[in-house]
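Trainee: Below you'll find entry-v1.pdb; it's PDB, C-alpha atoms and all ligand atoms.
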```pdb
ATOM      1  CA  MET H 106      98.093-100.203 -24.274
ATOM      2  CA  VAL H 107     100.299 -98.105 -26.513
ATOM      3  CA  TYR H 108     103.871 -97.054 -25.792
ATOM      4  CA  ASP H 109     105.411 -94.459 -28.091
ATOM      5  CA  PHE H 110     108.696 -92.688 -27.435
ATOM      6  CA  HIS H 111     108.886 -90.533 -30.547
ATOM      7  CA  THR H 112     106.427 -87.683 -31.094
ATOM      8  CA  HIS H 113     106.700 -84.024 -32.089
ATOM      9  CA  THR H 114     104.867 -80.884 -30.994
ATOM     10  CA  PHE H 115     104.759 -77.316 -32.267
ATOM     11  CA  HIS H 116     107.969 -76.737 -30.317
ATOM     12  CA  SER H 117     109.579 -78.281 -33.408
ATOM     13  CA  ASP H 118     107.680 -79.243 -36.566
ATOM     14  CA  GLY H 119     104.620 -80.899 -35.084
ATOM     15  CA  VAL H 120     101.261 -79.152 -35.243
ATOM     16  CA  LEU H 121      99.927 -79.763 -31.724
ATOM     17  CA  SER H 122     100.831 -78.304 -28.368
ATOM     18  CA  PRO H 123     102.288 -80.815 -25.924
ATOM     19  CA  VAL H 124      99.062 -80.749 -23.903
ATOM     20  CA  GLU H 125      96.814 -81.470 -26.884
ATOM     21  CA  LEU H 126      99.169 -84.189 -28.138
ATOM     22  CA  ILE H 127      99.131 -85.882 -24.729
ATOM     23  CA  ARG H 128      95.351 -85.543 -24.477
ATOM     24  CA  ARG H 129      94.843 -87.170 -27.859
ATOM     25  CA  ALA H 130      97.333 -89.905 -27.006
ATOM     26  CA  ALA H 131      95.453 -90.695 -23.797
ATOM     27  CA  VAL H 132      92.225 -91.005 -25.768
ATOM     28  CA  ASN H 133      93.976 -93.319 -28.289
ATOM     29  CA  GLY H 134      94.838 -95.755 -25.504
ATOM     30  CA  TYR H 135      98.395 -94.679 -24.809
ATOM     31  CA  ARG H 136      99.911 -95.776 -21.531
ATOM     32  CA  VAL H 137     103.124 -93.819 -22.211
ATOM     33  CA  ILE H 138     103.951 -91.003 -24.609
ATOM     34  CA  GLY H 139     107.453 -89.685 -25.038
ATOM     35  CA  ILE H 140     107.809 -86.230 -26.554
ATOM     36  CA  ALA H 141     111.024 -85.925 -28.544
ATOM     37  CA  ASP H 142     111.040 -82.672 -30.448
ATOM     38  CA  HIS H 143     113.770 -81.945 -32.976
ATOM     39  CA  VAL H 144     116.640 -80.202 -31.230
ATOM     40  CA  GLY H 145     120.176 -79.039 -31.782
ATOM     41  CA  LEU H 146     122.211 -77.264 -29.120
ATOM     42  CA  GLY H 147     120.504 -73.894 -29.536
ATOM     43  CA  ASN H 148     116.873 -74.787 -28.873
ATOM     44  CA  LEU H 149     117.403 -77.677 -26.464
ATOM     45  CA  GLU H 150     116.960 -75.726 -23.266
ATOM     46  CA  SER H 151     113.863 -73.728 -24.212
ATOM     47  CA  VAL H 152     112.081 -76.688 -25.830
ATOM     48  CA  LEU H 153     112.747 -78.990 -22.908
ATOM     49  CA  ARG H 154     111.723 -76.451 -20.296
ATOM     50  CA  GLN H 155     108.340 -76.018 -21.965
ATOM     51  CA  VAL H 156     107.748 -79.700 -22.667
ATOM     52  CA  ILE H 157     108.705 -80.683 -19.111
ATOM     53  CA  ARG H 158     106.100 -78.347 -17.605
ATOM     54  CA  ASP H 159     103.312 -79.643 -19.809
ATOM     55  CA  CYS H 160     104.244 -83.288 -19.216
ATOM     56  CA  GLN H 161     104.062 -82.651 -15.477
ATOM     57  CA  LEU H 162     100.729 -80.890 -15.862
ATOM     58  CA  CYS H 163      99.156 -83.740 -17.825
ATOM     59  CA  GLU H 164     100.576 -86.519 -15.661
ATOM     60  CA  SER H 165      99.135 -84.915 -12.559
ATOM     61  CA  HIS H 166      95.599 -84.857 -14.013
ATOM     62  CA  TRP H 167      95.320 -87.750 -16.480
ATOM     63  CA  ASN H 168      96.077 -91.450 -16.424
ATOM     64  CA  ILE H 169      99.030 -91.354 -18.813
ATOM     65  CA  ARG H 170     102.791 -91.220 -18.426
ATOM     66  CA  ALA H 171     104.151 -88.269 -20.403
ATOM     67  CA  LEU H 172     107.918 -88.224 -20.697
ATOM     68  CA  PRO H 173     109.877 -85.190 -21.846
ATOM     69  CA  GLY H 174     112.692 -86.192 -24.164
ATOM     70  CA  ALA H 175     114.572 -84.879 -27.165
ATOM     71  CA  GLU H 176     115.392 -85.996 -30.673
ATOM     72  CA  LEU H 177     118.898 -84.889 -31.638
ATOM     73  CA  THR H 178     118.214 -84.113 -35.285
ATOM     74  CA  HIS H 179     120.923 -83.554 -37.885
ATOM     75  CA  VAL H 180     123.321 -82.747 -35.050
ATOM     76  CA  PRO H 181     126.859 -83.274 -36.380
ATOM     77  CA  ALA H 182     127.887 -86.809 -35.505
ATOM     78  CA  ALA H 183     130.935 -85.604 -33.613
ATOM     79  CA  ALA H 184     128.708 -83.460 -31.337
ATOM     80  CA  ILE H 185     126.082 -86.080 -30.492
ATOM     81  CA  ALA H 186     127.686 -87.152 -27.221
ATOM     82  CA  GLU H 187     127.915 -83.572 -25.981
ATOM     83  CA  ALA H 188     124.336 -82.774 -27.014
ATOM     84  CA  ALA H 189     122.945 -85.945 -25.445
ATOM     85  CA  ARG H 190     124.691 -85.218 -22.134
ATOM     86  CA  TYR H 191     123.372 -81.651 -22.238
ATOM     87  CA  ALA H 192     119.820 -82.910 -22.862
ATOM     88  CA  LYS H 193     119.967 -85.253 -19.865
ATOM     89  CA  ASP H 194     121.435 -82.488 -17.681
ATOM     90  CA  LEU H 195     118.494 -80.256 -18.663
ATOM     91  CA  GLY H 196     115.985 -82.888 -17.582
ATOM     92  CA  ALA H 197     115.343 -84.970 -20.695
ATOM     93  CA  ARG H 198     114.141 -88.343 -19.433
ATOM     94  CA  PHE H 199     115.291 -90.026 -22.641
ATOM     95  CA  VAL H 200     117.266 -89.124 -25.740
ATOM     96  CA  VAL H 201     116.478 -90.216 -29.280
ATOM     97  CA  VAL H 202     118.933 -89.779 -32.140
ATOM     98  CA  HIS H 203     117.518 -89.056 -35.595
ATOM     99  CA  GLY H 204     119.280 -91.886 -37.383
ATOM    100  CA  GLU H 205     120.414 -92.260 -40.958
ATOM    101  CA  THR H 206     117.014 -92.510 -42.643
ATOM    102  CA  ILE H 207     117.269 -92.842 -46.414
ATOM    103  CA  ALA H 208     114.620 -90.109 -46.702
ATOM    104  CA  GLU H 209     116.982 -87.325 -45.587
ATOM    105  CA  PRO H 210     120.684 -86.407 -45.990
ATOM    106  CA  VAL H 211     121.636 -87.348 -42.419
ATOM    107  CA  GLU H 212     125.394 -87.161 -41.869
ATOM    108  CA  PRO H 213     127.080 -90.558 -42.233
ATOM    109  CA  GLY H 214     128.460 -91.592 -38.852
ATOM    110  CA  THR H 215     125.294 -90.538 -37.021
ATOM    111  CA  ASN H 216     124.157 -94.120 -36.349
ATOM    112  CA  LEU H 217     127.590 -95.060 -35.057
ATOM    113  CA  ALA H 218     127.846 -91.998 -32.796
ATOM    114  CA  ALA H 219     124.378 -92.755 -31.405
ATOM    115  CA  VAL H 220     124.999 -96.398 -30.543
ATOM    116  CA  ARG H 221     128.312 -95.494 -28.871
ATOM    117  CA  CYS H 222     126.906 -92.656 -26.759
ATOM    118  CA  PRO H 223     126.063 -93.500 -23.124
ATOM    119  CA  ASP H 224     123.311 -90.865 -22.936
ATOM    120  CA  VAL H 225     121.369 -92.020 -26.004
ATOM    121  CA  ASP H 226     118.461 -94.404 -25.442
ATOM    122  CA  ILE H 227     116.856 -94.907 -28.861
ATOM    123  CA  LEU H 228     118.251 -94.885 -32.382
ATOM    124  CA  ALA H 229     115.310 -93.758 -34.514
ATOM    125  CA  HIS H 230     114.790 -94.765 -38.155
ATOM    126  CA  PRO H 231     118.388 -95.931 -38.656
ATOM    127  CA  GLY H 232     118.002 -96.505 -42.399
ATOM    128  CA  LEU H 233     120.610 -98.863 -43.841
ATOM    129  CA  ILE H 234     122.086 -99.644 -40.436
ATOM    130  CA  THR H 235     125.097-101.959 -40.564
ATOM    131  CA  LEU H 236     125.472-105.184 -38.623
ATOM    132  CA  GLU H 237     128.363-103.630 -36.689
ATOM    133  CA  GLU H 238     126.151-100.688 -35.654
ATOM    134  CA  ALA H 239     123.382-103.061 -34.600
ATOM    135  CA  GLN H 240     125.859-105.117 -32.572
ATOM    136  CA  LEU H 241     127.102-101.983 -30.822
ATOM    137  CA  ALA H 242     123.499-101.011 -30.117
ATOM    138  CA  VAL H 243     123.035-104.339 -28.347
ATOM    139  CA  ARG H 244     126.299-104.097 -26.431
ATOM    140  CA  ASN H 245     125.487-100.557 -25.283
ATOM    141  CA  GLY H 246     121.812-101.133 -24.456
ATOM    142  CA  LYS H 247     120.241 -99.021 -27.209
ATOM    143  CA  PHE H 248     116.767 -99.674 -28.573
ATOM    144  CA  LEU H 249     116.283 -99.693 -32.349
ATOM    145  CA  GLU H 250     113.163 -98.070 -33.756
ATOM    146  CA  LEU H 251     110.751 -99.485 -36.294
ATOM    147  CA  SER H 252     109.087 -96.362 -37.648
ATOM    148  CA  ALA H 253     105.457 -95.815 -38.531
ATOM    149  CA  ARG H 254     106.427 -92.665 -40.438
ATOM    150  CA  LYS H 255     106.246 -92.335 -44.206
ATOM    151  CA  GLY H 256     109.697 -92.396 -45.802
ATOM    152  CA  HIS H 257     111.496 -93.508 -42.653
ATOM    153  CA  CYS H 258     109.533 -96.771 -42.645
ATOM    154  CA  LEU H 259     110.987 -97.827 -46.029
ATOM    155  CA  THR H 260     113.919 -99.520 -44.312
ATOM    156  CA  ASN H 261     112.043-101.161 -41.419
ATOM    157  CA  GLY H 262     112.635-104.561 -43.017
ATOM    158  CA  HIS H 263     116.371-103.966 -43.227
ATOM    159  CA  VAL H 264     116.517-102.597 -39.676
ATOM    160  CA  LEU H 265     114.733-105.713 -38.458
ATOM    161  CA  LYS H 266     117.071-108.000 -40.405
ATOM    162  CA  MET H 267     120.277-106.407 -39.076
ATOM    163  CA  GLY H 268     118.873-105.994 -35.588
ATOM    164  CA  ARG H 269     117.752-109.595 -35.416
ATOM    165  CA  GLN H 270     121.183-110.865 -36.432
ATOM    166  CA  ALA H 271     122.651-108.770 -33.638
ATOM    167  CA  GLY H 272     119.965-109.664 -31.057
ATOM    168  CA  ALA H 273     118.722-106.083 -30.782
ATOM    169  CA  ARG H 274     115.667-104.859 -28.911
ATOM    170  CA  PHE H 275     113.127-103.031 -31.067
ATOM    171  CA  LEU H 276     110.422-100.458 -30.393
ATOM    172  CA  VAL H 277     107.597 -99.266 -32.638
ATOM    173  CA  ASP H 278     107.288 -95.476 -32.603
ATOM    174  CA  SER H 279     104.892 -93.223 -34.464
ATOM    175  CA  ASP H 280     107.184 -90.223 -35.101
ATOM    176  CA  SER H 281     103.897 -88.280 -34.930
ATOM    177  CA  HIS H 282     103.759 -84.777 -36.312
ATOM    178  CA  GLU H 283      99.961 -84.425 -36.434
ATOM    179  CA  PRO H 284      96.939 -85.994 -34.730
ATOM    180  CA  GLY H 285      96.341 -88.646 -37.386
ATOM    181  CA  ASP H 286      99.884 -89.979 -36.918
ATOM    182  CA  LEU H 287      99.315 -91.198 -33.375
ATOM    183  CA  LEU H 288      99.297 -94.952 -32.912
ATOM    184  CA  THR H 289      96.527 -97.181 -31.766
ATOM    185  CA  ASP H 290      97.207-100.649 -30.445
ATOM    186  CA  ALA H 291      95.893-102.154 -33.699
ATOM    187  CA  PHE H 292      97.990 -99.888 -35.920
ATOM    188  CA  ALA H 293     101.182-100.484 -33.921
ATOM    189  CA  ARG H 294     100.654-104.226 -34.463
ATOM    190  CA  LYS H 295     100.262-103.687 -38.195
ATOM    191  CA  VAL H 296     103.463-101.646 -38.387
ATOM    192  CA  ALA H 297     105.316-104.358 -36.457
ATOM    193  CA  ILE H 298     104.008-107.154 -38.653
ATOM    194  CA  GLY H 299     104.653-105.064 -41.756
ATOM    195  CA  ALA H 300     108.292-104.736 -40.683
ATOM    196  CA  GLY H 301     108.507-108.531 -40.645
ATOM    197  CA  LEU H 302     107.928-109.431 -37.010
ATOM    198  CA  GLU H 303     106.144-112.673 -36.180
ATOM    199  CA  GLU H 304     102.953-112.686 -34.135
ATOM    200  CA  GLU H 305     104.781-114.242 -31.164
ATOM    201  CA  GLU H 306     107.352-111.412 -31.129
ATOM    202  CA  LEU H 307     104.769-108.641 -30.786
ATOM    203  CA  GLY H 308     104.551-108.872 -27.009
ATOM    204  CA  ASP H 309     108.265-108.131 -26.708
ATOM    205  CA  VAL H 310     108.344-105.257 -29.153
ATOM    206  CA  LEU H 311     105.072-103.573 -28.209
ATOM    207  CA  GLU H 312     105.091-104.147 -24.466
ATOM    208  CA  ARG H 313     108.099-105.767 -22.788
ATOM    209  CA  ASN H 314     110.774-103.690 -24.552
ATOM    210  CA  PRO H 315     109.032-100.384 -23.748
ATOM    211  CA  GLN H 316     108.660-101.533 -20.143
ATOM    212  CA  ALA H 317     112.356-102.457 -20.040
ATOM    213  CA  LEU H 318     113.234 -99.010 -21.316
ATOM    214  CA  LEU H 319     110.971 -97.383 -18.716
ATOM    215  CA  ALA H 320     112.582 -99.436 -15.957
ATOM    216  CA  ARG H 321     116.008 -98.323 -17.096
ATOM    217  CA  LEU H 322     114.941 -94.677 -17.239
ATOM    218  CA  ALA H 323     113.466 -94.961 -13.752
ATOM    219  CA  SER H 324     116.666 -96.439 -12.357
ATOM    220  CA  ALA H 325     118.675 -93.661 -14.022
ATOM    221  CA  MET H 326     116.492 -91.146 -12.150
ATOM    222  CA  ALA H 327     117.004 -92.844  -8.767
TER     223      ALA H 327
HETATM  224 ZN    ZN B   1     109.890 -83.705 -37.872
HETATM  225 ZN    ZN B   2     113.672 -88.318 -36.745
END
```
Could you render the structure as structure tokens?

Mentor:
Amino acid sequence: MVYDFHTHTFHSDGVLSPVELIRRAAVNGYRVIGIADHVGLGNLESVLRQVIRDCQLCESHWNIRALPGAELTHVPAAAIAEAARYAKDLGARFVVVHGETIAEPVEPGTNLAAVRCPDVDILAHPGLITLEEAQLAVRNGKFLELSARKGHCLTNGHVLKMGRQAGARFLVDSDSHEPGDLLTDAFARKVAIGAGLEEEELGDVLERNPQALLARLASAMA
């Protein structure tokens, strides 16, 4: 069973359509795929509208949960709360913030804005996250991502160290942009262990934390 809340389609810079991405995920053993294309304020509505329709289509025919979401990417930190609210109002089931990866010039303050924002669910690849940011993530119920993506994964060890001190909940996400990026159960375990997790922690990170997030998203819908 694979859970992955961070994937991209050709509605941003991924190569696959939502339908093909979901099809390939189902074949890879995914139980849940979250689509979180790169958005700002301008493309949020059109991207979500299209992704929502294809998620509904696939869920009604295949045995996979396909959740339409959004990744607020290089959105000015001061506008993250507004953009996250807008995404949820447009039907995003979950909101990811593109955190302060060391691989890109993300605006400082992005991690902090994300962990403070009520409408954000996941802080992706948070780079050199501080202990204070990790503590706020815990207090405000955010999940911290351990990334399988090249570049972003360089700080997984640091993210784990800060998050552990704070008592954070982690997820492993693929940040897929092409078919070969999708996780398998075996590869997700390797990414988790590579980040520094112990064997006995894998059940939480790969299964119970995703289920906890799903339960929270379901209760937000009710
Ligand atoms: Zn991308
Ligand atoms: Zn990102």

Trainee: Would you list the residues that come within 7 Å of ligand ZN 2 (chain B)? Count only C-alpha atoms and all ligand atoms and give the answer as a PyMOL selection string.

Mentor: chain H and resi 176+178+203-204+229-230+280

Trainee: For Leu307 (chain H), please output as an MDAnalysis selection string all residues within 12 Å (counting all atoms listed in the file; exclusion window: fewer than 2 positions along the same chain).

Mentor: chainID H and resid 274:277 290:291 293:305 309:315

Trainee: What does the structure give for the distance between CA of Ala182 (chain H) and CA of Thr215 (chain H), in Å to one decimal?

Mentor: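 Taking CA of Ala182 (chain H) and CA of Thr215 (chain H), their separation equals 4.8 Å.
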
Trainee: Using all atoms listed in the file for the distances, tell me which of H:Asp194, H:Glu283, H:Asp278, H:Glu164 is nearest to Ser252 (chain H).

Mentor: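 The closest residue to Ser252 (chain H) is H:Asp278.
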
Trainee: Restricting the calculation to only C-alpha atoms and all ligand atoms, which member of H:His257, H:Asn133, H:Asn168, H:Glu238 is positioned closest to ligand ZN 1 (chain B)?

Mentor: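 Among the listed residues, H:His257 lies closest to ligand ZN 1 (chain B).
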
Trainee: What does the PyMOL selection byres (((chain H and resi 153) around 8) and not hetatm) select in this file, as a PyMOL selection string?

Mentor: chain H and resi 149-152+154-157+173-175+195-197

Trainee: As a PDB file with C-alpha atoms, keeping the file's coordinate frame, please: the residues near Met326 (chain H) (cut-off 10 Å, all atoms listed in the file, same-chain neighbours under 5 positions excluded).

Mentor:
```pdb
ATOM      1  CA  GLY H 196     115.985 -82.888 -17.582  1.00  0.00           C
ATOM      2  CA  ARG H 198     114.141 -88.343 -19.433  1.00  0.00           C
ATOM      3  CA  ALA H 320     112.582 -99.436 -15.957  1.00  0.00           C
ATOM      4  CA  ARG H 321     116.008 -98.323 -17.096  1.00  0.00           C
TER       5      ARG H 321
END
```

Trainee: Check what the PyMOL selection byres (((not hetatm)) within 9 of (chain B and resi 1)) selects in the file above and give those residues as a PyMOL selection string.

Mentor: chain H and resi 112-114+117-119+142-143+178+280-282

Trainee: I'd like to know which of H:Leu319, H:Leu241, H:Val202, H:Ala171 is closest to Ala273 (chain H), using all atoms listed in the file.

Mentor: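 Distance minimum relative to Ala273 (chain H) lands on H:Leu241.
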
Trainee: Check what the PyMOL selection byres (((chain H and resi 233) around 8) and not hetatm) selects in the file above and give those residues as a list in words.

Mentor: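 Given this file, the PyMOL selection byres (((chain H and resi 233) around 8) and not hetatm) evaluates to Glu205, Thr206, Ile207, Pro231, Gly232, Ile234, Thr235, Thr260, His263 and Val264 of chain H.
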
Trainee: With all atoms of region 108-116 of chain H from the file as input, state the centre and edge lengths in Å to one decimal of the axis-aligned box that has 4 Å extra on each side, as JSON.

Mentor:
```
{"center_x": 106.4, "center_y": -86.9, "center_z": -29.0, "size_x": 13.0, "size_y": 28.3, "size_z": 14.5}
```

Trainee: How far is it from CA of Gly246 (chain H) to CA of His116 (chain H), in Å with one decimal?

Mentor: 28.7 Å

Trainee: Between H:Val201, H:Leu265, H:Leu288, H:Ala323, which has the minimum distance to Ile138 (chain H) (counting only C-alpha atoms)?

Mentor: H:Leu288

Trainee: Check the smallest atom-to-atom distance from each of H:Leu287, H:Met267, H:Leu172, H:Leu318 to Gly134 (chain H) using all atoms listed in the file, then report the winner.

Mentor: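 Of all the options, H:Leu287 lies closest to Gly134 (chain H).
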
Trainee: CA of Glu237 (chain H) and CA of Ala183 (chain H) are how many Å apart?

Mentor: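 For CA of Glu237 (chain H) relative to CA of Ala183 (chain H), the distance reads 18.5 Å.
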
Trainee: Using all atoms listed in the file, which of H:Arg170, H:Leu236, H:Val220, H:Gly147 sits nearest Arg128 (chain H)?

Mentor: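 Residue with the minimum atom-to-atom distance to Arg128 (chain H): H:Arg170.
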
Trainee: List as an MDAnalysis selection string the protein and nucleic acid residues near Ala186 (chain H), meaning an atom at most 8 Å away when all atoms listed in the file are counted, but skip any in the same chain fewer than 4 places from it.

Mentor: chainID H and resid 190 218:219 222:224

Trainee: For Ile127 (chain H), please output as a count of residues only all residues within 9 Å (counting all atoms listed in the file; exclusion window: fewer than 6 positions along the same chain).

Mentor: 8

Trainee: Save region 285-319 of chain H of the structure in the block above to a file, with N, CA and C atoms included, as a PDB file, in the first residue's frame.

Mentor:
```
ATOM      1  N   GLY H 285       8.598   7.436 -13.863  1.00  0.00           N
ATOM      2  CA  GLY H 285       9.609   6.741 -13.070  1.00  0.00           C
ATOM      3  C   GLY H 285       9.774   7.285 -11.658  1.00  0.00           C
ATOM      4  N   ASP H 286       9.148   8.426 -11.365  1.00  0.00           N
ATOM      5  CA  ASP H 286       9.263   9.015 -10.028  1.00  0.00           C
ATOM      6  C   ASP H 286       8.275   8.412  -9.037  1.00  0.00           C
ATOM      7  N   LEU H 287       7.252   7.749  -9.537  1.00  0.00           N
ATOM      8  CA  LEU H 287       6.229   7.230  -8.622  1.00  0.00           C
ATOM      9  C   LEU H 287       6.830   6.229  -7.646  1.00  0.00           C
ATOM     10  N   LEU H 288       6.292   6.211  -6.447  1.00  0.00           N
ATOM     11  CA  LEU H 288       6.796   5.301  -5.418  1.00  0.00           C
ATOM     12  C   LEU H 288       6.294   3.892  -5.646  1.00  0.00           C
ATOM     13  N   THR H 289       7.019   2.964  -5.062  1.00  0.00           N
ATOM     14  CA  THR H 289       6.495   1.632  -4.782  1.00  0.00           C
ATOM     15  C   THR H 289       6.631   1.486  -3.271  1.00  0.00           C
ATOM     16  N   ASP H 290       5.998   0.476  -2.727  1.00  0.00           N
ATOM     17  CA  ASP H 290       6.111   0.264  -1.287  1.00  0.00           C
ATOM     18  C   ASP H 290       7.587   0.101  -0.896  1.00  0.00           C
ATOM     19  N   ALA H 291       8.324  -0.671  -1.679  1.00  0.00           N
ATOM     20  CA  ALA H 291       9.736  -0.934  -1.350  1.00  0.00           C
ATOM     21  C   ALA H 291      10.572   0.339  -1.433  1.00  0.00           C
ATOM     22  N   PHE H 292      10.298   1.182  -2.439  1.00  0.00           N
ATOM     23  CA  PHE H 292      11.108   2.395  -2.576  1.00  0.00           C
ATOM     24  C   PHE H 292      10.774   3.411  -1.484  1.00  0.00           C
ATOM     25  N   ALA H 293       9.505   3.510  -1.123  1.00  0.00           N
ATOM     26  CA  ALA H 293       9.118   4.422  -0.032  1.00  0.00           C
ATOM     27  C   ALA H 293       9.844   4.030   1.255  1.00  0.00           C
ATOM     28  N   ARG H 294       9.961   2.732   1.504  1.00  0.00           N
ATOM     29  CA  ARG H 294      10.684   2.266   2.701  1.00  0.00           C
ATOM     30  C   ARG H 294      12.152   2.660   2.642  1.00  0.00           C
ATOM     31  N   LYS H 295      12.736   2.562   1.455  1.00  0.00           N
ATOM     32  CA  LYS H 295      14.151   2.940   1.325  1.00  0.00           C
ATOM     33  C   LYS H 295      14.349   4.435   1.561  1.00  0.00           C
ATOM     34  N   VAL H 296      13.450   5.238   1.038  1.00  0.00           N
ATOM     35  CA  VAL H 296      13.555   6.694   1.253  1.00  0.00           C
ATOM     36  C   VAL H 296      13.442   7.004   2.745  1.00  0.00           C
ATOM     37  N   ALA H 297      12.513   6.334   3.408  1.00  0.00           N
ATOM     38  CA  ALA H 297      12.298   6.568   4.848  1.00  0.00           C
ATOM     39  C   ALA H 297      13.529   6.154   5.655  1.00  0.00           C
ATOM     40  N   ILE H 298      14.063   5.014   5.341  1.00  0.00           N
ATOM     41  CA  ILE H 298      15.253   4.538   6.067  1.00  0.00           C
ATOM     42  C   ILE H 298      16.453   5.423   5.723  1.00  0.00           C
ATOM     43  N   GLY H 299      16.548   5.828   4.482  1.00  0.00           N
ATOM     44  CA  GLY H 299      17.624   6.722   4.062  1.00  0.00           C
ATOM     45  C   GLY H 299      17.587   8.064   4.787  1.00  0.00           C
ATOM     46  N   ALA H 300      16.381   8.508   5.141  1.00  0.00           N
ATOM     47  CA  ALA H 300      16.242   9.764   5.889  1.00  0.00           C
ATOM     48  C   ALA H 300      16.710   9.599   7.329  1.00  0.00           C
ATOM     49  N   GLY H 301      16.755   8.346   7.799  1.00  0.00           N
ATOM     50  CA  GLY H 301      17.212   8.098   9.165  1.00  0.00           C
ATOM     51  C   GLY H 301      16.165   7.470  10.067  1.00  0.00           C
ATOM     52  N   LEU H 302      15.035   7.095   9.499  1.00  0.00           N
ATOM     53  CA  LEU H 302      14.005   6.440  10.318  1.00  0.00           C
ATOM     54  C   LEU H 302      14.429   5.021  10.669  1.00  0.00           C
ATOM     55  N   GLU H 303      13.972   4.566  11.829  1.00  0.00           N
ATOM     56  CA  GLU H 303      14.209   3.183  12.249  1.00  0.00           C
ATOM     57  C   GLU H 303      13.102   2.303  11.677  1.00  0.00           C
ATOM     58  N   GLU H 304      13.447   1.031  11.519  1.00  0.00           N
ATOM     59  CA  GLU H 304      12.480   0.051  10.998  1.00  0.00           C
ATOM     60  C   GLU H 304      11.125   0.140  11.723  1.00  0.00           C
ATOM     61  N   GLU H 305      11.175   0.274  13.053  1.00  0.00           N
ATOM     62  CA  GLU H 305       9.913   0.257  13.819  1.00  0.00           C
ATOM     63  C   GLU H 305       9.105   1.552  13.660  1.00  0.00           C
ATOM     64  N   GLU H 306       9.685   2.569  13.037  1.00  0.00           N
ATOM     65  CA  GLU H 306       8.932   3.813  12.809  1.00  0.00           C
ATOM     66  C   GLU H 306       8.233   3.821  11.447  1.00  0.00           C
ATOM     67  N   LEU H 307       8.548   2.842  10.604  1.00  0.00           N
ATOM     68  CA  LEU H 307       8.043   2.890   9.226  1.00  0.00           C
ATOM     69  C   LEU H 307       6.528   2.776   9.159  1.00  0.00           C
ATOM     70  N   GLY H 308       5.952   1.999  10.043  1.00  0.00           N
ATOM     71  CA  GLY H 308       4.494   1.837  10.038  1.00  0.00           C
ATOM     72  C   GLY H 308       3.776   3.163  10.276  1.00  0.00           C
ATOM     73  N   ASP H 309       4.336   3.981  11.165  1.00  0.00           N
ATOM     74  CA  ASP H 309       3.737   5.297  11.411  1.00  0.00           C
ATOM     75  C   ASP H 309       3.854   6.178  10.178  1.00  0.00           C
ATOM     76  N   VAL H 310       5.056   6.266   9.646  1.00  0.00           N
ATOM     77  CA  VAL H 310       5.306   7.249   8.587  1.00  0.00           C
ATOM     78  C   VAL H 310       4.655   6.833   7.263  1.00  0.00           C
ATOM     79  N   LEU H 311       4.683   5.536   6.978  1.00  0.00           N
ATOM     80  CA  LEU H 311       4.182   5.092   5.668  1.00  0.00           C
ATOM     81  C   LEU H 311       2.705   4.723   5.685  1.00  0.00           C
ATOM     82  N   GLU H 312       2.131   4.526   6.856  1.00  0.00           N
ATOM     83  CA  GLU H 312       0.741   4.081   6.882  1.00  0.00           C
ATOM     84  C   GLU H 312      -0.147   4.857   7.859  1.00  0.00           C
ATOM     85  N   ARG H 313       0.254   4.904   9.144  1.00  0.00           N
ATOM     86  CA  ARG H 313      -0.652   5.519  10.118  1.00  0.00           C
ATOM     87  C   ARG H 313      -0.744   7.037   9.957  1.00  0.00           C
ATOM     88  N   ASN H 314       0.366   7.700   9.646  1.00  0.00           N
ATOM     89  CA  ASN H 314       0.290   9.157   9.440  1.00  0.00           C
ATOM     90  C   ASN H 314      -0.558   9.510   8.209  1.00  0.00           C
ATOM     91  N   PRO H 315      -0.354   8.827   7.066  1.00  0.00           N
ATOM     92  CA  PRO H 315      -1.247   9.118   5.939  1.00  0.00           C
ATOM     93  C   PRO H 315      -2.712   8.871   6.276  1.00  0.00           C
ATOM     94  N   GLN H 316      -2.974   7.805   7.041  1.00  0.00           N
ATOM     95  CA  GLN H 316      -4.372   7.522   7.402  1.00  0.00           C
ATOM     96  C   GLN H 316      -4.923   8.608   8.325  1.00  0.00           C
ATOM     97  N   ALA H 317      -4.053   9.113   9.219  1.00  0.00           N
ATOM     98  CA  ALA H 317      -4.490  10.199  10.112  1.00  0.00           C
ATOM     99  C   ALA H 317      -4.804  11.458   9.300  1.00  0.00           C
ATOM    100  N   LEU H 318      -3.986  11.716   8.311  1.00  0.00           N
ATOM    101  CA  LEU H 318      -4.256  12.874   7.454  1.00  0.00           C
ATOM    102  C   LEU H 318      -5.570  12.683   6.703  1.00  0.00           C
ATOM    103  N   LEU H 319      -5.777  11.487   6.154  1.00  0.00           N
ATOM    104  CA  LEU H 319      -7.027  11.218   5.428  1.00  0.00           C
ATOM    105  C   LEU H 319      -8.237  11.382   6.332  1.00  0.00           C
TER     106      LEU H 319
END
```
